[in-house]
Structure formats: C-alpha cells, structure tokens
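Here is final_39.txt, consisting of compact mmCIF, C-alpha atoms and all ligand atoms:
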# COMPACT_ATOMS: atom_id res chain seq x y z
CA MET A 1 -16.36 11.67 -29.45
CA GLY A 2 -16.36 8.52 -31.52
CA ASP A 3 -17.85 5.34 -30.14
CA ASP A 4 -15.89 4.26 -27.09
CA PRO A 5 -18.31 1.84 -25.36
CA ALA A 6 -17.07 2.74 -21.87
CA SER A 7 -17.53 6.47 -22.53
CA ARG A 8 -21.07 5.70 -23.73
CA VAL A 9 -21.90 4.17 -20.32
CA TYR A 10 -20.22 6.94 -18.30
CA VAL A 11 -21.85 9.74 -20.29
CA ASN A 12 -25.26 8.08 -19.95
CA ASN A 13 -24.74 7.85 -16.19
CA LYS A 14 -23.85 11.56 -16.14
CA LYS A 15 -26.97 12.47 -18.09
CA LYS A 16 -29.12 10.42 -15.70
CA ALA A 17 -27.56 12.19 -12.73
CA CYS A 18 -28.30 15.59 -14.31
CA GLU A 19 -31.91 14.56 -14.74
CA ALA A 20 -32.10 13.31 -11.15
CA VAL A 21 -30.90 16.62 -9.71
CA GLY A 22 -32.82 18.81 -12.18
CA PHE A 23 -30.02 20.08 -14.43
CA MET A 24 -30.60 20.65 -18.13
CA SER A 25 -27.99 18.72 -20.09
CA GLU A 26 -27.15 18.51 -23.77
CA GLU A 27 -25.17 15.74 -25.38
CA TYR A 28 -23.18 16.20 -28.58
CA ALA A 29 -22.23 12.71 -29.74
CA LEU A 30 -19.82 13.63 -32.52
CA PRO A 31 -18.62 10.97 -34.96
CA GLU A 32 -15.10 9.50 -34.83
CA HIS A 33 -13.91 11.44 -37.92
CA THR A 34 -14.85 14.90 -36.56
CA SER A 35 -12.02 17.39 -37.05
CA GLN A 36 -10.21 19.28 -34.34
CA GLU A 37 -11.62 22.52 -35.76
CA GLU A 38 -15.22 21.29 -35.59
CA LEU A 39 -14.76 20.22 -31.99
CA LEU A 40 -13.11 23.53 -31.02
CA ASN A 41 -15.95 25.41 -32.71
CA LEU A 42 -18.49 23.53 -30.63
CA VAL A 43 -16.57 24.25 -27.42
CA ASN A 44 -16.42 27.95 -28.33
CA THR A 45 -20.14 28.06 -29.01
CA LEU A 46 -20.85 26.48 -25.63
CA ASN A 47 -18.37 28.82 -23.93
CA LYS A 48 -20.44 31.78 -25.16
CA ARG A 49 -23.88 30.44 -24.20
CA ASP A 50 -25.24 31.96 -20.97
CA ASP A 51 -27.56 28.99 -20.41
CA ILE A 52 -24.61 26.56 -20.28
CA ASN A 53 -22.69 26.60 -17.00
CA GLY A 54 -20.53 23.50 -17.37
CA ILE A 55 -18.72 21.89 -20.29
CA LEU A 56 -17.23 18.42 -20.21
CA VAL A 57 -15.43 16.72 -23.09
CA GLN A 58 -15.48 13.04 -22.21
CA LEU A 59 -12.02 11.45 -22.62
CA PRO A 60 -10.41 9.60 -24.32
CA LEU A 61 -10.68 11.39 -27.65
CA PRO A 62 -10.03 9.63 -30.95
CA LYS A 63 -6.27 9.56 -31.70
CA HIS A 64 -6.21 12.28 -34.37
CA LEU A 65 -7.51 14.87 -31.88
CA ASP A 66 -5.37 16.89 -29.47
CA ASP A 67 -7.03 16.53 -26.07
CA LYS A 68 -4.76 19.15 -24.49
CA ALA A 69 -5.80 21.82 -26.99
CA VAL A 70 -9.46 20.92 -26.54
CA ILE A 71 -9.27 21.15 -22.75
CA GLU A 72 -7.48 24.50 -22.97
CA ALA A 73 -10.28 25.81 -25.21
CA ILE A 74 -12.89 25.34 -22.45
CA ASP A 75 -13.64 28.49 -20.49
CA PRO A 76 -12.01 27.77 -17.08
CA LYS A 77 -15.18 28.99 -15.35
CA LYS A 78 -17.15 26.25 -17.14
CA ASP A 79 -14.47 23.58 -16.75
CA VAL A 80 -16.41 21.31 -14.39
CA ASP A 81 -13.74 18.59 -14.75
CA ALA A 82 -11.05 20.99 -13.45
CA PHE A 83 -8.69 19.84 -16.21
CA HIS A 84 -7.82 23.30 -17.61
CA ALA A 85 -4.30 24.55 -16.75
CA VAL A 86 -5.78 27.50 -14.85
CA ASN A 87 -7.78 25.18 -12.61
CA VAL A 88 -4.93 22.70 -12.22
CA GLY A 89 -2.67 25.58 -11.17
CA LYS A 90 -5.20 26.81 -8.64
CA ILE A 91 -5.43 23.33 -7.13
CA MET A 92 -1.64 23.20 -6.74
CA LEU A 93 -1.85 26.49 -4.84
CA GLY A 94 -4.73 25.23 -2.72
CA GLU A 95 -7.14 28.01 -3.84
CA TYR A 96 -9.61 26.50 -6.23
CA ASP A 97 -13.19 26.73 -7.47
CA PHE A 98 -13.49 23.10 -8.56
CA LEU A 99 -11.67 19.88 -7.87
CA PRO A 100 -11.31 17.09 -10.43
CA CYS A 101 -14.27 14.75 -10.06
CA THR A 102 -12.62 11.41 -9.33
CA PRO A 103 -10.06 12.53 -6.71
CA ALA A 104 -12.60 14.81 -5.05
CA GLY A 105 -15.10 11.94 -4.95
CA VAL A 106 -12.48 9.80 -3.20
CA MET A 107 -11.84 12.54 -0.60
CA GLU A 108 -15.59 12.83 -0.03
CA MET A 109 -15.77 9.10 0.70
CA LEU A 110 -12.89 9.34 3.18
CA HIS A 111 -14.63 12.25 4.91
CA SER A 112 -18.00 10.56 5.11
CA TYR A 113 -16.45 7.47 6.74
CA ASN A 114 -14.43 9.70 9.13
CA ILE A 115 -11.14 8.36 7.82
CA GLU A 116 -8.42 10.74 8.94
CA VAL A 117 -5.74 11.53 6.34
CA SER A 118 -3.46 13.72 8.43
CA GLY A 119 -0.15 12.00 9.22
CA LYS A 120 -1.11 8.81 7.37
CA ASN A 121 1.05 7.07 4.78
CA CYS A 122 -0.85 7.50 1.55
CA VAL A 123 0.25 5.67 -1.58
CA VAL A 124 -1.24 6.51 -4.97
CA ILE A 125 -0.49 4.04 -7.77
CA GLY A 126 -0.67 5.89 -11.08
CA ARG A 127 0.38 9.39 -12.12
CA SER A 128 -2.20 10.53 -14.66
CA ASN A 129 -3.26 14.16 -14.87
CA ILE A 130 -6.88 13.08 -14.35
CA VAL A 131 -6.46 10.94 -11.24
CA GLY A 132 -2.99 10.14 -9.88
CA LYS A 133 -1.43 13.59 -9.74
CA PRO A 134 -4.44 15.51 -8.40
CA MET A 135 -5.26 12.65 -6.00
CA ALA A 136 -1.79 12.96 -4.47
CA MET A 137 -2.23 16.72 -4.16
CA LEU A 138 -5.58 16.46 -2.37
CA LEU A 139 -4.17 13.93 0.09
CA LEU A 140 -1.22 16.26 0.65
CA HIS A 141 -3.57 19.19 1.30
CA GLU A 142 -5.04 17.13 4.14
CA ASN A 143 -1.56 16.50 5.55
CA GLY A 144 -1.06 12.95 4.33
CA THR A 145 2.48 11.72 3.70
CA VAL A 146 2.08 10.93 0.04
CA THR A 147 4.01 8.59 -2.26
CA ILE A 148 3.19 8.33 -5.96
CA CYS A 149 4.09 4.96 -7.49
CA HIS A 150 4.14 4.20 -11.21
CA SER A 151 5.45 1.79 -13.81
CA ARG A 152 9.11 2.66 -13.08
CA THR A 153 8.81 2.41 -9.29
CA ARG A 154 11.23 -0.09 -7.77
CA ASN A 155 9.83 -2.41 -5.11
CA LEU A 156 6.30 -1.28 -5.81
CA ALA A 157 4.78 -4.04 -3.69
CA GLU A 158 6.81 -2.97 -0.65
CA ALA A 159 5.90 0.69 -1.14
CA CYS A 160 2.21 -0.21 -1.35
CA ALA A 161 2.44 -2.41 1.74
CA GLN A 162 3.46 0.68 3.77
CA ALA A 163 0.22 2.46 2.92
CA ASP A 164 -2.44 3.28 5.50
CA ILE A 165 -4.46 4.62 2.57
CA LEU A 166 -3.84 2.97 -0.80
CA VAL A 167 -5.35 4.43 -3.97
CA ALA A 168 -5.09 2.27 -7.09
CA ALA A 169 -5.39 4.11 -10.40
CA VAL A 170 -3.28 2.05 -12.80
CA GLY A 171 -5.81 0.62 -15.24
CA ILE A 172 -4.62 -2.98 -14.88
CA PRO A 173 -7.30 -5.50 -13.80
CA LYS A 174 -6.77 -6.91 -10.26
CA PHE A 175 -3.22 -5.47 -10.13
CA VAL A 176 -3.20 -4.96 -6.35
CA LYS A 177 -2.84 -8.31 -4.57
CA ALA A 178 -3.10 -9.12 -0.87
CA HIS A 179 0.70 -9.07 -0.30
CA MET A 180 0.75 -5.43 -1.45
CA VAL A 181 -1.74 -4.35 1.20
CA LYS A 182 -1.01 -3.60 4.85
CA GLU A 183 -3.27 -5.22 7.45
CA GLY A 184 -6.08 -2.79 8.24
CA ALA A 185 -5.35 -0.41 5.33
CA VAL A 186 -7.99 1.66 3.55
CA VAL A 187 -8.09 0.59 -0.10
CA ILE A 188 -9.60 2.83 -2.78
CA ASP A 189 -10.06 1.28 -6.22
CA VAL A 190 -10.25 3.80 -9.07
CA GLY A 191 -9.90 1.13 -11.78
CA MET A 192 -12.59 0.47 -14.41
CA ASP A 193 -11.19 -2.63 -16.07
CA ARG A 194 -12.37 -5.87 -17.63
CA ASP A 195 -11.25 -9.22 -16.27
CA GLU A 196 -10.39 -12.29 -18.38
CA ASN A 197 -14.11 -13.00 -18.84
CA GLY A 198 -14.88 -9.45 -19.94
CA LYS A 199 -16.53 -8.67 -16.61
CA LEU A 200 -16.17 -5.19 -15.09
CA CYS A 201 -13.56 -5.17 -12.30
CA GLY A 202 -11.13 -2.81 -10.65
CA ASP A 203 -7.38 -2.45 -10.19
CA VAL A 204 -7.64 -4.35 -6.89
CA ASP A 205 -8.05 -8.10 -6.52
CA PHE A 206 -11.11 -7.50 -4.34
CA GLU A 207 -11.77 -11.10 -3.23
CA ASN A 208 -8.22 -11.57 -1.95
CA VAL A 209 -7.73 -8.11 -0.47
CA LYS A 210 -11.09 -7.57 1.22
CA ASP A 211 -10.37 -9.54 4.40
CA LYS A 212 -7.02 -7.85 4.97
CA CYS A 213 -8.10 -4.22 4.86
CA SER A 214 -10.39 -2.13 7.08
CA PHE A 215 -12.23 -0.46 4.18
CA ILE A 216 -12.35 -1.19 0.47
CA THR A 217 -14.35 0.33 -2.38
CA PRO A 218 -16.07 -2.07 -4.79
CA VAL A 219 -16.10 -1.84 -8.59
CA PRO A 220 -18.74 -1.11 -9.74
CA GLY A 221 -20.53 0.94 -7.09
CA GLY A 222 -17.54 2.67 -5.51
CA VAL A 223 -15.51 5.50 -6.96
CA GLY A 224 -17.47 5.74 -10.26
CA PRO A 225 -20.71 7.04 -8.71
CA MET A 226 -18.68 9.44 -6.55
CA THR A 227 -17.08 10.87 -9.71
CA ILE A 228 -20.52 11.61 -11.04
CA ALA A 229 -21.76 13.08 -7.75
CA THR A 230 -18.78 15.46 -7.73
CA LEU A 231 -19.53 16.49 -11.31
CA MET A 232 -23.00 17.56 -10.16
CA LYS A 233 -21.49 19.49 -7.27
CA ASN A 234 -18.99 21.23 -9.56
CA THR A 235 -21.69 22.14 -12.05
CA LEU A 236 -23.84 23.71 -9.34
CA LYS A 237 -20.82 25.66 -8.11
CA ALA A 238 -20.05 26.81 -11.67
CA ALA A 239 -23.63 28.00 -12.13
CA LYS A 240 -23.50 29.92 -8.86
CA LEU A 241 -20.16 31.54 -9.69
CA GLN A 242 -21.36 32.57 -13.15
CA ASN A 243 -24.51 34.10 -11.69
CA ASN A 244 -22.94 35.66 -8.60
CA VAL A 245 -25.08 33.50 -6.32
CA LYS A 246 -23.61 32.48 -2.94
N1 LIG A 301 -13.58 14.51 -19.31
N2 LIG A 301 -13.34 12.22 -19.10
C1 LIG A 301 -13.68 13.41 -18.56
N3 LIG A 301 -14.10 13.53 -17.27
C2 LIG A 301 -14.22 12.43 -16.48
O1 LIG A 301 -14.58 12.56 -15.20
C3 LIG A 301 -13.90 11.18 -17.02
N4 LIG A 301 -14.06 10.01 -16.30
C4 LIG A 301 -13.11 8.93 -16.51
C5 LIG A 301 -13.01 8.67 -18.02
N5 LIG A 301 -13.04 9.90 -18.81
C6 LIG A 301 -13.44 11.10 -18.34
C7 LIG A 301 -15.26 9.49 -15.97
O2 LIG A 301 -16.30 10.11 -16.07
C8 LIG A 301 -13.77 7.78 -15.76
N6 LIG A 301 -15.14 8.22 -15.54
C9 LIG A 301 -16.17 7.40 -15.03
C10 LIG A 301 -17.45 7.89 -14.80
C11 LIG A 301 -18.46 7.08 -14.32
C12 LIG A 301 -18.22 5.76 -14.06
C13 LIG A 301 -16.96 5.26 -14.27
C14 LIG A 301 -15.94 6.07 -14.75
C15 LIG A 301 -19.33 4.89 -13.59
O3 LIG A 301 -20.46 5.28 -13.64
N7 LIG A 301 -19.04 3.65 -13.13
C16 LIG A 301 -20.02 2.71 -12.66
C17 LIG A 301 -20.07 1.46 -13.53
C18 LIG A 301 -20.15 1.74 -14.98
C19 LIG A 301 -20.32 0.47 -15.83
O4 LIG A 301 -21.26 -0.26 -15.57
O5 LIG A 301 -19.47 0.26 -16.72
C20 LIG A 301 -19.62 2.25 -11.26
O6 LIG A 301 -20.50 1.83 -10.52
O7 LIG A 301 -18.43 2.31 -10.95

For the structure just supplied, provide its representation as structure tokens.
Amino acid sequence: MGDDPASRVYVNNKKKACEAVGFMSEEYALPEHTSQEELLNLVNTLNKRDDINGILVQLPLPKHLDDKAVIEAIDPKKDVDAFHAVNVGKIMLGEYDFLPCTPAGVMEMLHSYNIEVSGKNCVVIGRSNIVGKPMAMLLLHENGTVTICHSRTRNLAEACAQADILVAAVGIPKFVKAHMVKEGAVVIDVGMDRDENGKLCGDVDFENVKDKCSFITPVPGGVGPMTIATLMKNTLKAAKLQNNVK
C-alpha cells in the first residue's frame, strides 16, 4: 500500500523468493489513497480464491487505514504472517499452524547453529506485536528465561548486559553498544535502519559489538532473509493444510 521505499524492497525480495521455490505470487500495489473498503474487498476476494493459499498485507499501511481491521479480515488459514488474533492466540497456547516470520526465522538460526535456549537469559529489546512479543514467547517455549525491555525500562543497559541471547528489535540505528553486551553473548539484530549516511544498518553497533560476542547477525544478510525463508515455509504449510496434504 502506498509507496514506502523499504516495503518496495521487502516485497520484491518476497516475490523473488516465491519464484525461486516455484510458488505463484500476485502483487497488488495499491495507491496511497486507496480506501479501507477497497482494501477489505481485495482481501475478501483473495480469501475466497482456491488458488490462493497465503495472503500477506505488507506493513506499514498508510495512516488513514486501520491495520488491525485489515489483518482481522484475512482468513486465519491464509494468514502466512500469523498476525491474525486467532493465530496469535494459538501461539500463546503453544499449538499453532504458523509462526510469525521474523521471530521464527530467528529461532531457525539459533537451531541451525546449535545454540541452546533452555535455561539461558534471553533479553528482547522491543515489544511490538510483529517481533518483540512473539519473539519472547518463542524463546519462552524453548525454556529461556525471558526479559522484554522497552522504552520505559529502567537500567536497560544493565538488563541487556545480563543476556546470554540478546535480540534487538527497537528500530533505532546502532542502539546496542558494546557495554550493553555480555562477553560471549549471542546477538541477534532485527533492525532495518539507516545510519547517518543513509546506509542500511541494524539496531546493533556491529563494529563495536562483534568482538565481544560469540555470534552476531549482520544487517543486511541476517534476520531479513530468514524472515523471507519462513514466509515460504508458512505458505507451503498453508497450502498443505488447505488441501489436506500431509
Ligand atoms: N505484513 N509486514 C508484514 N509481514 C512482514 O513479515 C513484514 N516484515 C517487516 C516489515 N513489514 C512486514 C518484513 O517483511 C520487515 N520485513 C523484512 C523483510 C525482508 C527484509 C527486511 C525486512 C530483507 O530482505 N532484508 C534484506 C535487506 C533489504 C535491503 O536491502 O533493504 C537483508 O539482507 O536483511
């Protein structure tokens, strides 16, 4: 919706991934001034189409649109972002069909590097519905001791410095500095920010933190591609569920 330049890049990357794995994808690039009703009509049309297994409304939406209402209009079976209340509720209960793409992509990275979560101090900076909150829940499901920090947290630096696994999802360029990171910690950078020169960077001051931690994800080339990989996984799962294929 509209012409957010970052969304343009992310959606293009998603389309390329669909092509690479052999999924049919359709893009509806609706103009900024599109009404809520027009958008809801499109979602309803896609909900009804048997040849569409996954629907994703790239966020953020232009200000005049109600993103909550749009997300709730998506058929939960086609909600490959896992943003719908039904899917969020299922995740809380630990019985879900899909996981939200970014947090699930982070868990996949931890698994593939054999990084144990159980019993570890996990600190998530940021409490968004898209990343912070579900990220904390997934770490909890794997028996991490989880702290969620946010803009009102007192002694944020000290809380972060306790983390064995630190996940930064604040949206502030290079926010996490070396003094906020424990020696040997695992640092996951969910940020997609621009530095003072307009260059893409993360929420972590990579150059200063990299020698202190045991693992760190770069930006770009870290969490972003994992988000997209999880979207492909969710879409395949949605297609299987809708067609009763195991
Ligand atoms: N509905 N809205 C919905 N679902 C999502 O899962 C997202 N998100 C976030 C923003 N809005 C959304 C994404 O798709 C963030 N996000 C996303 C997806 C892909 C990338 C980054 C964020 C990505 O491909 N990052 C590349 C660099 C991109 C660039 O060059 O700017 C990387 O290597 O990290």

Report task. Would you list the contacts of region 214-224 of chain A as an MDAnalysis selection string, taking every protein, DNA or RNA residue within 8 Å and counting all atoms listed in the file, but skipping same-chain residues closer than 2 positions in sequence? Result -> chainID A and resid 102 105:106 183:192 200:202 206 210:212 226:228

Requested in this report: One decimal, Å: what's the distance from CA of Glu27 (chain A) over to CA of Gly2 (chain A), could you say?
Outcome: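 Atom-to-atom, CA of Glu27 (chain A) and CA of Gly2 (chain A) are spaced 12.9 Å apart.
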
Query raised in the report: Taking into account all atoms listed in the file, which residue in the set A:Glu32, A:Glu19, A:Asp203, A:Glu72 is nearest to His84 (chain A)?
Result: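 Once distances to His84 (chain A) are computed over all atoms listed in the file, the minimum belongs to A:Glu72.
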
Contact check, region 74-170 of chain A to region 231-237 of chain A, at most 6 Å, counting all atoms listed in the file, closest pairs as CSV:
residue,atom,partner,partner_atom,distance
A:Val80,CA,A:Asn234,CA,5.5
A:Phe98,CA,A:Asn234,CA,5.9
A:Cys101,CA,A:Leu231,CA,5.7

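In this structure, CA of Gly119 (chain A) sits 5.1 Å away from CA of Gly144 (chain A).
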
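The residue that comes closest to Leu138 (chain A), out of A:Ala104, A:Leu59, A:Val9, A:Ala73 and on the basis of all atoms listed in the file, is A:Ala104.
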
Query raised in the report: What lies within 12 Å of Phe175 (chain A) using all atoms listed in the file, ignoring chain neighbours under 5 positions off, as a PyMOL selection string?
Result: chain A and resi 125-126+151+156-157+160+167-170+180-181+189-195+201-206+208-209

**Report entry** Residues within 8 Å of Lys182 (chain A), only C-alpha atoms, excluding chain neighbours under 4 positions, as a PyMOL selection string
**Finding:** chain A and resi 160-164+212-213

**Report entry** Pick from A:Pro76, A:Gly89, A:Gly198, A:Pro60, whichever lies nearest to ligand LIG 301 (chain A) using all atoms listed in the file
**Finding:** A:Pro60

Query raised in the report: Which one of A:Asn44, A:Leu99, A:Leu93, A:Asp75 sits closest to Thr230 (chain A) if you count all atoms listed in the file?
Result: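 So, comparing all the options, the nearest one is A:Leu99.
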
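With only C-alpha atoms and all ligand atoms as the atoms that count, the minimum distance from ligand LIG 301 (chain A) to the choices A:Gly94, A:Pro100, A:Gly132, A:Pro62 is reached by A:Pro100.
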
Query raised in the report: Taking all atoms listed in the file into account, which of A:Asp66, A:Ile74, A:Leu139, A:Ser25 comes nearest Lys48 (chain A)?
Result: A:Ile74

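Between CA of Asn87 (chain A) and CA of Ile55 (chain A) the interatomic distance comes to 13.8 Å.
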
Please, can region 9-42 of chain A be completed to N, CA and C atoms and returned as a PDB file, keeping the file's coordinate frame?
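The new file rebuild_21.pdb reads:
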ATOM      1  N   VAL A   9     -21.296   4.493 -21.622  1.00  0.00           N
ATOM      2  CA  VAL A   9     -21.900   4.170 -20.320  1.00  0.00           C
ATOM      3  C   VAL A   9     -21.708   5.333 -19.349  1.00  0.00           C
ATOM      4  N   TYR A  10     -20.503   5.868 -19.271  1.00  0.00           N
ATOM      5  CA  TYR A  10     -20.220   6.940 -18.300  1.00  0.00           C
ATOM      6  C   TYR A  10     -21.033   8.193 -18.613  1.00  0.00           C
ATOM      7  N   VAL A  11     -21.100   8.533 -19.903  1.00  0.00           N
ATOM      8  CA  VAL A  11     -21.850   9.740 -20.290  1.00  0.00           C
ATOM      9  C   VAL A  11     -23.342   9.533 -20.001  1.00  0.00           C
ATOM     10  N   ASN A  12     -23.854   8.343 -20.272  1.00  0.00           N
ATOM     11  CA  ASN A  12     -25.260   8.080 -19.950  1.00  0.00           C
ATOM     12  C   ASN A  12     -25.505   8.226 -18.450  1.00  0.00           C
ATOM     13  N   ASN A  13     -24.584   7.716 -17.641  1.00  0.00           N
ATOM     14  CA  ASN A  13     -24.740   7.850 -16.190  1.00  0.00           C
ATOM     15  C   ASN A  13     -24.724   9.323 -15.778  1.00  0.00           C
ATOM     16  N   LYS A  14     -23.907  10.120 -16.437  1.00  0.00           N
ATOM     17  CA  LYS A  14     -23.850  11.560 -16.140  1.00  0.00           C
ATOM     18  C   LYS A  14     -25.160  12.247 -16.515  1.00  0.00           C
ATOM     19  N   LYS A  15     -25.699  11.870 -17.661  1.00  0.00           N
ATOM     20  CA  LYS A  15     -26.970  12.470 -18.090  1.00  0.00           C
ATOM     21  C   LYS A  15     -28.094  12.109 -17.115  1.00  0.00           C
ATOM     22  N   LYS A  16     -28.096  10.855 -16.668  1.00  0.00           N
ATOM     23  CA  LYS A  16     -29.120  10.420 -15.700  1.00  0.00           C
ATOM     24  C   LYS A  16     -29.004  11.204 -14.399  1.00  0.00           C
ATOM     25  N   ALA A  17     -27.765  11.440 -13.974  1.00  0.00           N
ATOM     26  CA  ALA A  17     -27.560  12.190 -12.730  1.00  0.00           C
ATOM     27  C   ALA A  17     -28.057  13.624 -12.897  1.00  0.00           C
ATOM     28  N   CYS A  18     -27.805  14.233 -14.049  1.00  0.00           N
ATOM     29  CA  CYS A  18     -28.300  15.590 -14.310  1.00  0.00           C
ATOM     30  C   CYS A  18     -29.819  15.623 -14.189  1.00  0.00           C
ATOM     31  N   GLU A  19     -30.451  14.648 -14.795  1.00  0.00           N
ATOM     32  CA  GLU A  19     -31.910  14.560 -14.740  1.00  0.00           C
ATOM     33  C   GLU A  19     -32.376  14.430 -13.286  1.00  0.00           C
ATOM     34  N   ALA A  20     -31.700  13.574 -12.541  1.00  0.00           N
ATOM     35  CA  ALA A  20     -32.100  13.310 -11.150  1.00  0.00           C
ATOM     36  C   ALA A  20     -32.022  14.571 -10.293  1.00  0.00           C
ATOM     37  N   VAL A  21     -31.030  15.419 -10.541  1.00  0.00           N
ATOM     38  CA  VAL A  21     -30.900  16.620  -9.710  1.00  0.00           C
ATOM     39  C   VAL A  21     -31.574  17.846 -10.332  1.00  0.00           C
ATOM     40  N   GLY A  22     -32.103  17.696 -11.553  1.00  0.00           N
ATOM     41  CA  GLY A  22     -32.820  18.810 -12.180  1.00  0.00           C
ATOM     42  C   GLY A  22     -31.935  19.755 -12.982  1.00  0.00           C
ATOM     43  N   PHE A  23     -30.852  19.271 -13.524  1.00  0.00           N
ATOM     44  CA  PHE A  23     -30.020  20.080 -14.430  1.00  0.00           C
ATOM     45  C   PHE A  23     -30.432  19.798 -15.866  1.00  0.00           C
ATOM     46  N   MET A  24     -30.432  20.837 -16.696  1.00  0.00           N
ATOM     47  CA  MET A  24     -30.600  20.650 -18.130  1.00  0.00           C
ATOM     48  C   MET A  24     -29.250  20.181 -18.668  1.00  0.00           C
ATOM     49  N   SER A  25     -29.252  19.128 -19.480  1.00  0.00           N
ATOM     50  CA  SER A  25     -27.990  18.720 -20.090  1.00  0.00           C
ATOM     51  C   SER A  25     -28.173  18.483 -21.576  1.00  0.00           C
ATOM     52  N   GLU A  26     -27.146  18.747 -22.331  1.00  0.00           N
ATOM     53  CA  GLU A  26     -27.150  18.510 -23.770  1.00  0.00           C
ATOM     54  C   GLU A  26     -25.991  17.608 -24.102  1.00  0.00           C
ATOM     55  N   GLU A  27     -26.250  16.618 -24.945  1.00  0.00           N
ATOM     56  CA  GLU A  27     -25.170  15.740 -25.380  1.00  0.00           C
ATOM     57  C   GLU A  27     -24.879  15.983 -26.858  1.00  0.00           C
ATOM     58  N   TYR A  28     -23.613  16.103 -27.190  1.00  0.00           N
ATOM     59  CA  TYR A  28     -23.180  16.200 -28.580  1.00  0.00           C
ATOM     60  C   TYR A  28     -22.333  14.969 -28.870  1.00  0.00           C
ATOM     61  N   ALA A  29     -22.947  13.953 -29.436  1.00  0.00           N
ATOM     62  CA  ALA A  29     -22.230  12.710 -29.740  1.00  0.00           C
ATOM     63  C   ALA A  29     -21.648  12.849 -31.138  1.00  0.00           C
ATOM     64  N   LEU A  30     -20.416  13.371 -31.218  1.00  0.00           N
ATOM     65  CA  LEU A  30     -19.820  13.630 -32.520  1.00  0.00           C
ATOM     66  C   LEU A  30     -19.133  12.375 -33.051  1.00  0.00           C
ATOM     67  N   PRO A  31     -19.219  12.176 -34.380  1.00  0.00           N
ATOM     68  CA  PRO A  31     -18.620  10.970 -34.960  1.00  0.00           C
ATOM     69  C   PRO A  31     -17.097  10.965 -34.866  1.00  0.00           C
ATOM     70  N   GLU A  32     -16.547   9.780 -34.897  1.00  0.00           N
ATOM     71  CA  GLU A  32     -15.100   9.500 -34.830  1.00  0.00           C
ATOM     72  C   GLU A  32     -14.259  10.445 -35.705  1.00  0.00           C
ATOM     73  N   HIS A  33     -14.728  10.694 -36.947  1.00  0.00           N
ATOM     74  CA  HIS A  33     -13.910  11.440 -37.920  1.00  0.00           C
ATOM     75  C   HIS A  33     -14.003  12.957 -37.768  1.00  0.00           C
ATOM     76  N   THR A  34     -14.708  13.447 -36.754  1.00  0.00           N
ATOM     77  CA  THR A  34     -14.850  14.900 -36.560  1.00  0.00           C
ATOM     78  C   THR A  34     -13.465  15.558 -36.476  1.00  0.00           C
ATOM     79  N   SER A  35     -13.337  16.726 -37.070  1.00  0.00           N
ATOM     80  CA  SER A  35     -12.020  17.390 -37.050  1.00  0.00           C
ATOM     81  C   SER A  35     -11.844  18.182 -35.760  1.00  0.00           C
ATOM     82  N   GLN A  36     -10.587  18.460 -35.481  1.00  0.00           N
ATOM     83  CA  GLN A  36     -10.210  19.280 -34.340  1.00  0.00           C
ATOM     84  C   GLN A  36     -10.949  20.630 -34.396  1.00  0.00           C
ATOM     85  N   GLU A  37     -10.993  21.214 -35.598  1.00  0.00           N
ATOM     86  CA  GLU A  37     -11.620  22.520 -35.760  1.00  0.00           C
ATOM     87  C   GLU A  37     -13.106  22.461 -35.417  1.00  0.00           C
ATOM     88  N   GLU A  38     -13.783  21.420 -35.892  1.00  0.00           N
ATOM     89  CA  GLU A  38     -15.220  21.290 -35.590  1.00  0.00           C
ATOM     90  C   GLU A  38     -15.450  21.176 -34.085  1.00  0.00           C
ATOM     91  N   LEU A  39     -14.607  20.401 -33.437  1.00  0.00           N
ATOM     92  CA  LEU A  39     -14.760  20.220 -31.990  1.00  0.00           C
ATOM     93  C   LEU A  39     -14.488  21.541 -31.259  1.00  0.00           C
ATOM     94  N   LEU A  40     -13.430  22.246 -31.663  1.00  0.00           N
ATOM     95  CA  LEU A  40     -13.110  23.530 -31.020  1.00  0.00           C
ATOM     96  C   LEU A  40     -14.230  24.549 -31.254  1.00  0.00           C
ATOM     97  N   ASN A  41     -14.828  24.509 -32.442  1.00  0.00           N
ATOM     98  CA  ASN A  41     -15.950  25.410 -32.710  1.00  0.00           C
ATOM     99  C   ASN A  41     -17.108  25.147 -31.769  1.00  0.00           C
ATOM    100  N   LEU A  42     -17.386  23.883 -31.535  1.00  0.00           N
ATOM    101  CA  LEU A  42     -18.490  23.530 -30.630  1.00  0.00           C
ATOM    102  C   LEU A  42     -18.177  24.026 -29.210  1.00  0.00           C
TER     103      LEU A  42
END
